[in-house]
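Q: Here's a structure for you.
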Amino acid sequence: MPSSTPEVPDVKYARSGDVAIAYQVVGEGDTDIVFVRGTLADLLAGWDMPLFVDHVEGLAGAGRAILFDKRGSGLSDPVRQVPTLETRMDDIRAVMDAADSERAVLWAAQEGSRIAVLFAATYPERTSALVLYDATARGLWAPEYPWAANDEAWRRELREIRDRWGDRDYLVERAHKLSPVGAQDAEWLEWFVWYMRRSASPAEAVAFHRMSMEGDVREVLGAVRAPTLVLHREETRDEAAFVADRIAGARRVEVQGLRDWFSWADPERNAVLLRETHEFLETLSTPREPDRVLATVLFTDIVGSTARAAEIGDTAWRELLGRHHTLVRGELVRFRGEELDTAGDGFFAAFDGPGRAIECARAIREAVRSLDLEIRAGVHTGECERVDGKLGGIAVPTGARIASLAEPGEVLVSSTVKDLVAGSGIAFEDRGTHELKGVPGEWRLYAVS
């Protein structure tokens with residue numbers, strides 16, 4: 001194992017909402033590479049492992065590498081509840097802003113690939129490319145996604161993490177499981193135990209792995225338009241193929257002989273992985289301005305508006321409608337929504353995350369009740385076309401049709417939205433499968449409790 005002592009880059013902090021995210025910048029160049037690690041990490045402890053340093057410097061050989069500790073781990077702020085994919089995607093944006101990075105390649109591993117995929121689909125104008133190592137699209141087993149652990153296995157692992165995290169014997173067991181090559185080296189093994197202890201407390205480790213369990217970006221893969229390279233081990237071939245096959249134009253490369261979750265623990269195979277990364281980045285051309293984006297659309301309208309207008313008269317109705325519009329616009333600003341259209345008593349707005357759209361819909365519902373009005377709302381996340389500042393594409397009528405099926409006072413969402421806000425604490429009631437007029441297929445809908 002190399003023994004050189006590197007110069008540790010300064011740790012800086014980006015503000016993401018009310019959470020501070022620790023990050024470092026390594027190297028310089030025209031290409032920014034944001035490294036989204038696949039497990040718990042600690043920025044400073046990483047620099048005590050020369051093999052990890054070699055990997056980071058290998059990435060920095062292609063440009064400026066940006067590393068960060070995910071919220072709830074390492075040097076970043078702890079969190080009170082399990083954050084959603086949407087929240088963690090915002091952390092990437094906050095770090096890029098703080099590092100003055102307008103556009104970056106996202107190099108992500110394991111569950112970190114889900115955050116990178118969501119970011120690339122939501123912010124195509126800020127994503128040069130994706131490089132995904134052992135990418136996963138979902139954390140929990142499903143009939144169409146058999147590679148993830150099932151409920152029972154996750155419960156067993158979470159109990160074990162809660163009861164044994166930090167215990168040397170337990171962390172040694174994890175080291176042998178995750179890194180059979182690295183764990184053969186006594187010095188590496190000692191570092192790993194210390195690294196995991198530094199990365200998270202037992203409660204934080206449980207929260208992180210619950211986060212890993214709950215993420216699901218299967219419906220987002222088709223919205224990624226950035227050039228994508230999927231790197232993987234032999235044992236993760238089928239899962240990697242699932243991801244690569246659903247991202248348009250993605251290239252998939254199997255790294256022969258690589259057995260470690262931490263690719264850098266096997267320097268010979270990791271050199272292949274880094275070479276593939278560099279060759280892929282050299283093929284990138286100047287990106288075009290994207291005309292498609294993943295967005296969450298929100299439609300609202302007033303229940304019984306015609307009858308209410310007839311009851312109070314045109315003048316009073318216009319005044320009431322104006323007060324309604326003021327309240328709605330105030331909530332859109334509060335939750336970073338973009339007003340796209342107002343037709344009569346309804347609003348059409350877009351958000352860069354489904355959690356904010358749901359919270360905005362609930363806030364609008366409560367706000368307009370002060371006017372003795374009731375609304376219905378529909379929320380859907382999908383790929384949209386952006387032309388002259390307007391959004392189009394099938395996701396827009398899908399959201400409108402969902403809103404039309406909502407009961408008075410109800411916020412109705414698609415299954416895509418429900419999957420993306422897993423872990424948010426938002427509860428849903430199943431409203432069954434529906435056909436939406438003019439929209440292909442059947443749609444499972446859920447009401448926000």
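Scheme for the structure tokens: letters A, B, ... for chains in order shown; per-chain residue numbers from 1; ligand numbers from 1 in order shown.
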What parts of segment 43-211 of chain A does DSSP call strand (DSSP E)? I'd like the answer as a ChimeraX atom specification.
A: /A:64-68,104-109,127-133
Q: Per residue of segment 66-183 of chain A within 12 Å of segment 382-403 of chain A, note the shortest atom pair and the distance in Å to one decimal, counting only C-alpha atoms, and order the rows by chain and increasing residue number, as JSON lines.
A:
```
{"residue": "A:Leu118", "atom": "CA", "partner": "A:Gly382", "partner_atom": "CA", "distance": 11.3}
{"residue": "A:Ala120", "atom": "CA", "partner": "A:Glu383", "partner_atom": "CA", "distance": 11.8}
{"residue": "A:Ala121", "atom": "CA", "partner": "A:Glu383", "partner_atom": "CA", "distance": 8.0}
{"residue": "A:Thr122", "atom": "CA", "partner": "A:Glu383", "partner_atom": "CA", "distance": 8.8}
{"residue": "A:Tyr123", "atom": "CA", "partner": "A:Glu383", "partner_atom": "CA", "distance": 11.5}
{"residue": "A:Pro124", "atom": "CA", "partner": "A:Glu383", "partner_atom": "CA", "distance": 11.2}
{"residue": "A:Glu125", "atom": "CA", "partner": "A:Arg386", "partner_atom": "CA", "distance": 12.0}
```
Q: Quick check, in Å to one decimal: how far apart do atom CA of Val297 of chain A and atom CA of Arg334 of chain A lie?
A: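 According to the coordinates, atom CA of Val297 of chain A and atom CA of Arg334 of chain A are separated by 16.1 Å.
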Q: What gap, in Å, lies between atom CA of Gly344 of chain A and atom CA of Leu327 of chain A?
A: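 Value for the atom CA of Gly344 of chain A-atom CA of Leu327 of chain A distance: 15.2 Å.
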Q: I'd like the neighbourhood of Ile358 of chain A as a list in words, where a residue qualifies if any of its atoms comes within 10 Å (using only C-alpha atoms), though same-chain residues fewer than 5 positions away should be ignored.
A: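 Skipping anything fewer than 5 positions along the chain leaves Thr296, Leu298, Phe335, Phe351, Gly353, Ala363, Ile364, Ala377, Gly378, Val379, His380, Val411, Leu412, Val413, Val417, Val421, Ile426 and Val448 of chain A.
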Q: Excluding segment 88-102 of chain A and residues on its chain fewer than 2 positions from it, collect all residues at most 8 Å away from it, counting only C-alpha atoms, and give them as a count of residues only.
A: 21
Q: Which residue out of A:Ser128, A:Thr136, A:Ser449, A:Ser370 has the minimum interatomic distance to Leu284 of chain A when only C-alpha atoms are used?
A: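 Under the stated criterion, the closest residue is A:Ser128.
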Q: What are the DSSP alpha helix (DSSP H) residues of segment 201-352 of chain A, as an MDAnalysis selection string?
A: chainID A and resid 202:214 237:246 267:282 305:312 314:334
